[in-house]
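Quick notes on the structure that follows.
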Amino acid sequence: MKTTAILSFIALIASGLAFRAPEATSKGSPYCLTTCAVSGEPLGKDTVTIVVEDASSKINDGREIKVCCSKCAKKFKSDQATFLKKVDEAMITEQLKWYPDGSCMVMPDDKLPDPRGADAMEAKNIVVRNQLVRLCCGKCVKKVRADPDTWVTKVVAQVVAAQKPGYPLDTCVISGEKLGDDAVDTVIGSRLVRTCCDKCAAKAKADPIAAFAKLDAAKK
């Protein structure tokens, strides 16, 4: 009887594991705000990471969001659209400081207002999985929403080209080792972060605020 009961219990657990939904994996740039997506409070030791699941939106599905606690995680999931709009506004404001000058990402002949100018918000500024993309019109917005990966790749290339010549460090932001010809260029929230290898790039993505702090200190 004991053996039968144990085997039944094991089978029950195995069944539960077999039908458990896999954890979602994030896509795009990591969340790089210092504040909770719901409360606006600073993120701390109780920070909860959420991966947005939205099959109807390619620019949000797989997006990483961070909140300060489990209560805010529940609030976010109960009204995701409202809080994503709030996060977008904060990310646009922050990333305009670093976004490369230039034209519409889809229509390169159309010059956009200076991202650091008073009329920066006159462009169509949208956030694609935590990455700012600036566009000239609604038609271009539709194109990016339909195929976000293609256009984000172009933004990343522009950020690297614009920021690499004046990059303030000749060492990896993680290991401190000298950057060589095989250095890895990673764009996080419209900022270039250079590391000595892929492992360090992954660590920078896991804690972008720390990487940004080292860059800011080097600039000073």
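Ordering of the structure tokens sets the chain letters (A, B, ...); residue numbers start at 1 within each chain; ligands are numbered from 1 in the order shown.
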Q: If you run DSSP over the backbone, which residues in chain A end up strand (DSSP E or B)? Put them as a PyMOL selection string.
A: chain A and resi 35+42+48-51+64-67+103+111+124-128+131-135+171+178+184-188+191-195
Okay, now the selection with N, CA and C atoms, as a compact mmCIF listing (two decimals), in the first residue's frame?
```txt
# COMPACT_ATOMS: atom_id res chain seq x y z
N THR A 35 12.95 53.18 -11.41
CA THR A 35 11.72 53.23 -10.61
C THR A 35 10.71 52.16 -11.03
N PRO A 42 11.48 53.99 -6.06
CA PRO A 42 12.76 53.37 -6.44
C PRO A 42 12.71 51.85 -6.30
N VAL A 48 10.40 42.87 -8.49
CA VAL A 48 9.83 41.74 -9.23
C VAL A 48 9.96 42.03 -10.72
N THR A 49 10.46 41.06 -11.46
CA THR A 49 10.58 41.19 -12.92
C THR A 49 9.41 40.51 -13.60
N ILE A 50 8.78 41.23 -14.51
CA ILE A 50 7.63 40.71 -15.26
C ILE A 50 7.99 40.68 -16.74
N VAL A 51 7.64 39.62 -17.43
CA VAL A 51 7.77 39.56 -18.88
C VAL A 51 6.37 39.67 -19.47
N GLU A 64 10.44 43.24 -20.98
CA GLU A 64 10.75 43.14 -19.56
C GLU A 64 10.30 44.39 -18.81
N ILE A 65 9.61 44.17 -17.71
CA ILE A 65 9.13 45.26 -16.85
C ILE A 65 9.53 44.94 -15.41
N LYS A 66 9.88 45.95 -14.64
CA LYS A 66 10.22 45.74 -13.24
C LYS A 66 9.32 46.58 -12.34
N VAL A 67 8.89 45.95 -11.24
CA VAL A 67 8.07 46.64 -10.24
C VAL A 67 8.70 46.43 -8.87
N SER A 103 17.24 60.99 -38.88
CA SER A 103 15.98 61.01 -39.60
C SER A 103 15.06 59.91 -39.11
N LYS A 111 13.83 64.30 -42.10
CA LYS A 111 14.58 64.74 -40.92
C LYS A 111 13.64 64.94 -39.75
N LYS A 124 7.13 61.10 -33.99
CA LYS A 124 6.40 59.94 -33.47
C LYS A 124 7.40 59.09 -32.69
N ASN A 125 7.40 59.24 -31.37
CA ASN A 125 8.33 58.50 -30.52
C ASN A 125 7.61 57.30 -29.93
N ILE A 126 8.04 56.09 -30.30
CA ILE A 126 7.40 54.90 -29.75
C ILE A 126 8.47 54.02 -29.08
N VAL A 127 8.02 53.20 -28.15
CA VAL A 127 8.93 52.30 -27.44
C VAL A 127 8.65 50.87 -27.90
N VAL A 128 9.70 50.22 -28.38
CA VAL A 128 9.60 48.85 -28.87
C VAL A 128 10.42 47.95 -27.95
N GLN A 131 12.97 49.85 -26.20
CA GLN A 131 13.90 50.59 -27.05
C GLN A 131 13.14 51.70 -27.79
N LEU A 132 13.59 52.95 -27.63
CA LEU A 132 12.97 54.08 -28.32
C LEU A 132 13.24 54.00 -29.81
N VAL A 133 12.19 54.23 -30.60
CA VAL A 133 12.31 54.33 -32.06
C VAL A 133 11.57 55.61 -32.47
N ARG A 134 12.24 56.48 -33.22
CA ARG A 134 11.65 57.76 -33.62
C ARG A 134 11.26 57.71 -35.10
N LEU A 135 10.05 58.19 -35.37
CA LEU A 135 9.48 58.08 -36.71
C LEU A 135 8.80 59.38 -37.11
N THR A 171 37.91 50.27 -21.07
CA THR A 171 37.84 49.00 -20.34
C THR A 171 36.41 48.51 -20.26
N LYS A 178 40.87 45.55 -20.41
CA LYS A 178 41.00 46.40 -21.59
C LYS A 178 40.14 45.87 -22.74
N VAL A 184 32.47 43.55 -27.28
CA VAL A 184 31.05 43.38 -27.62
C VAL A 184 30.32 44.71 -27.40
N ASP A 185 29.64 45.18 -28.43
CA ASP A 185 28.87 46.42 -28.35
C ASP A 185 27.40 46.07 -28.12
N THR A 186 26.86 46.54 -27.01
CA THR A 186 25.47 46.26 -26.65
C THR A 186 24.74 47.58 -26.43
N VAL A 187 23.56 47.70 -27.02
CA VAL A 187 22.75 48.91 -26.82
C VAL A 187 21.64 48.59 -25.83
N ILE A 188 21.63 49.34 -24.74
CA ILE A 188 20.62 49.17 -23.70
C ILE A 188 19.92 50.51 -23.50
N ARG A 191 21.60 53.52 -25.05
CA ARG A 191 22.97 53.79 -24.63
C ARG A 191 23.88 52.63 -25.02
N LEU A 192 25.04 52.98 -25.51
CA LEU A 192 26.02 51.96 -25.87
C LEU A 192 26.78 51.52 -24.62
N VAL A 193 26.85 50.21 -24.43
CA VAL A 193 27.63 49.61 -23.34
C VAL A 193 28.60 48.62 -23.97
N ARG A 194 29.90 48.81 -23.71
CA ARG A 194 30.92 47.95 -24.32
C ARG A 194 31.52 47.02 -23.27
N THR A 195 31.63 45.75 -23.63
CA THR A 195 32.19 44.75 -22.73
C THR A 195 33.23 43.92 -23.45
```
Q.
So that I can see what lies close to Gly166 in chain A, please list as a VMD selection string the residues with an atom at most 12 Å from it, counting only C-alpha atoms and leaving out residues fewer than 3 positions away in the same chain.
A. chain A and resid 159 to 163 169 to 170 192 215 218 to 219
Those same residues - C-alpha atoms - I'd like them written as a short mmCIF file (atom, residue, chain, number, x, y, z; two decimals), in the first residue's frame.
```cif
data_model
loop_
_atom_site.label_atom_id
_atom_site.label_comp_id
_atom_site.auth_asym_id
_atom_site.auth_seq_id
_atom_site.Cartn_x
_atom_site.Cartn_y
_atom_site.Cartn_z
CA VAL A 159 23.36 54.24 -31.63
CA VAL A 160 26.64 52.31 -31.92
CA ALA A 161 27.83 54.50 -34.82
CA ALA A 162 26.96 57.71 -32.95
CA GLN A 163 28.29 56.84 -29.49
CA LEU A 169 35.92 53.94 -21.30
CA ASP A 170 38.64 51.78 -22.80
CA LEU A 192 26.02 51.96 -25.87
CA LEU A 215 29.77 55.28 -17.84
CA ALA A 218 33.85 58.07 -16.59
CA LYS A 219 32.29 61.01 -18.44
#
```
(Q) Give me, as a VMD selection string, the residues of range 8-216 of chain A that a backbone DSSP run labels alpha helix (DSSP H). (A) chain A and resid 8 to 18 70 to 78 80 to 95 138 to 146 148 to 163 198 to 206 208 to 216
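Around Thr93 in chain A, within 12 Å and counting only C-alpha atoms, the residues found are Leu33, Lys86, Val87, Asp88, Glu89, Ala90, Leu96, Lys97, Trp98, Tyr99, Pro115, Arg116, Gly117, Ala118, Ala120, Met121, Asn125, Ile126, Val127, Gln131, Leu132, Gly189 and Ser190 of chain A, once anything fewer than 3 positions away on its own chain is removed.
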Write a file of the just-selected residues containing N, CA and C atoms, as a PDB file, in the first residue's frame.
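Saved file result08.pdb follows:
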```pdb
ATOM      1  N   LEU A  33      14.817  51.648 -16.282  1.00  0.00           N
ATOM      2  CA  LEU A  33      14.407  52.734 -15.395  1.00  0.00           C
ATOM      3  C   LEU A  33      14.775  52.351 -13.968  1.00  0.00           C
ATOM      4  N   LYS A  86       2.402  54.504 -19.126  1.00  0.00           N
ATOM      5  CA  LYS A  86       3.174  55.274 -18.148  1.00  0.00           C
ATOM      6  C   LYS A  86       4.664  55.002 -18.296  1.00  0.00           C
ATOM      7  N   VAL A  87       5.023  53.736 -18.470  1.00  0.00           N
ATOM      8  CA  VAL A  87       6.425  53.361 -18.643  1.00  0.00           C
ATOM      9  C   VAL A  87       6.974  53.942 -19.943  1.00  0.00           C
ATOM     10  N   ASP A  88       6.176  53.878 -21.008  1.00  0.00           N
ATOM     11  CA  ASP A  88       6.606  54.427 -22.295  1.00  0.00           C
ATOM     12  C   ASP A  88       6.968  55.901 -22.169  1.00  0.00           C
ATOM     13  N   GLU A  89       6.137  56.659 -21.492  1.00  0.00           N
ATOM     14  CA  GLU A  89       6.384  58.094 -21.320  1.00  0.00           C
ATOM     15  C   GLU A  89       7.709  58.338 -20.604  1.00  0.00           C
ATOM     16  N   ALA A  90       7.962  57.560 -19.560  1.00  0.00           N
ATOM     17  CA  ALA A  90       9.203  57.716 -18.800  1.00  0.00           C
ATOM     18  C   ALA A  90      10.415  57.311 -19.633  1.00  0.00           C
ATOM     19  N   LEU A  96      15.540  59.982 -24.942  1.00  0.00           N
ATOM     20  CA  LEU A  96      15.782  61.107 -25.844  1.00  0.00           C
ATOM     21  C   LEU A  96      17.136  61.757 -25.555  1.00  0.00           C
ATOM     22  N   LYS A  97      17.606  61.646 -24.320  1.00  0.00           N
ATOM     23  CA  LYS A  97      18.904  62.226 -23.937  1.00  0.00           C
ATOM     24  C   LYS A  97      20.053  61.569 -24.698  1.00  0.00           C
ATOM     25  N   TRP A  98      19.857  60.307 -25.103  1.00  0.00           N
ATOM     26  CA  TRP A  98      20.943  59.524 -25.687  1.00  0.00           C
ATOM     27  C   TRP A  98      20.706  59.153 -27.145  1.00  0.00           C
ATOM     28  N   TYR A  99      19.479  59.341 -27.604  1.00  0.00           N
ATOM     29  CA  TYR A  99      19.121  58.894 -28.951  1.00  0.00           C
ATOM     30  C   TYR A  99      19.948  59.647 -30.001  1.00  0.00           C
ATOM     31  N   PRO A 115      16.430  65.282 -30.893  1.00  0.00           N
ATOM     32  CA  PRO A 115      15.890  64.554 -29.729  1.00  0.00           C
ATOM     33  C   PRO A 115      16.106  65.280 -28.405  1.00  0.00           C
ATOM     34  N   ARG A 116      17.037  66.220 -28.375  1.00  0.00           N
ATOM     35  CA  ARG A 116      17.282  66.992 -27.146  1.00  0.00           C
ATOM     36  C   ARG A 116      16.774  68.421 -27.256  1.00  0.00           C
ATOM     37  N   GLY A 117      16.002  68.674 -28.310  1.00  0.00           N
ATOM     38  CA  GLY A 117      15.455  70.005 -28.521  1.00  0.00           C
ATOM     39  C   GLY A 117      14.065  70.172 -27.924  1.00  0.00           C
ATOM     40  N   ALA A 118      13.580  71.394 -27.935  1.00  0.00           N
ATOM     41  CA  ALA A 118      12.275  71.703 -27.351  1.00  0.00           C
ATOM     42  C   ALA A 118      11.124  71.033 -28.100  1.00  0.00           C
ATOM     43  N   ALA A 120      11.230  68.013 -29.551  1.00  0.00           N
ATOM     44  CA  ALA A 120      11.536  66.577 -29.719  1.00  0.00           C
ATOM     45  C   ALA A 120      10.285  65.713 -29.770  1.00  0.00           C
ATOM     46  N   MET A 121       9.247  66.113 -29.037  1.00  0.00           N
ATOM     47  CA  MET A 121       8.034  65.300 -28.967  1.00  0.00           C
ATOM     48  C   MET A 121       7.144  65.454 -30.201  1.00  0.00           C
ATOM     49  N   ASN A 125       7.396  59.238 -31.374  1.00  0.00           N
ATOM     50  CA  ASN A 125       8.327  58.503 -30.521  1.00  0.00           C
ATOM     51  C   ASN A 125       7.610  57.299 -29.928  1.00  0.00           C
ATOM     52  N   ILE A 126       8.043  56.095 -30.296  1.00  0.00           N
ATOM     53  CA  ILE A 126       7.405  54.899 -29.747  1.00  0.00           C
ATOM     54  C   ILE A 126       8.465  54.019 -29.078  1.00  0.00           C
ATOM     55  N   VAL A 127       8.017  53.195 -28.152  1.00  0.00           N
ATOM     56  CA  VAL A 127       8.926  52.299 -27.443  1.00  0.00           C
ATOM     57  C   VAL A 127       8.654  50.869 -27.898  1.00  0.00           C
ATOM     58  N   GLN A 131      12.974  49.850 -26.202  1.00  0.00           N
ATOM     59  CA  GLN A 131      13.898  50.594 -27.054  1.00  0.00           C
ATOM     60  C   GLN A 131      13.144  51.703 -27.791  1.00  0.00           C
ATOM     61  N   LEU A 132      13.592  52.951 -27.626  1.00  0.00           N
ATOM     62  CA  LEU A 132      12.971  54.076 -28.319  1.00  0.00           C
ATOM     63  C   LEU A 132      13.243  54.001 -29.815  1.00  0.00           C
ATOM     64  N   GLY A 189      18.634  50.564 -23.843  1.00  0.00           N
ATOM     65  CA  GLY A 189      17.900  51.807 -23.655  1.00  0.00           C
ATOM     66  C   GLY A 189      18.557  53.002 -24.310  1.00  0.00           C
ATOM     67  N   SER A 190      18.942  52.883 -25.570  1.00  0.00           N
ATOM     68  CA  SER A 190      19.567  53.943 -26.366  1.00  0.00           C
ATOM     69  C   SER A 190      20.958  54.344 -25.900  1.00  0.00           C
TER      70      SER A 190
END
```
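The nearest approach to Arg145 in chain A among the residues A:Ala210, A:Val173, A:Arg129, A:Cys72, with only C-alpha atoms taken into account, belongs to A:Arg129.
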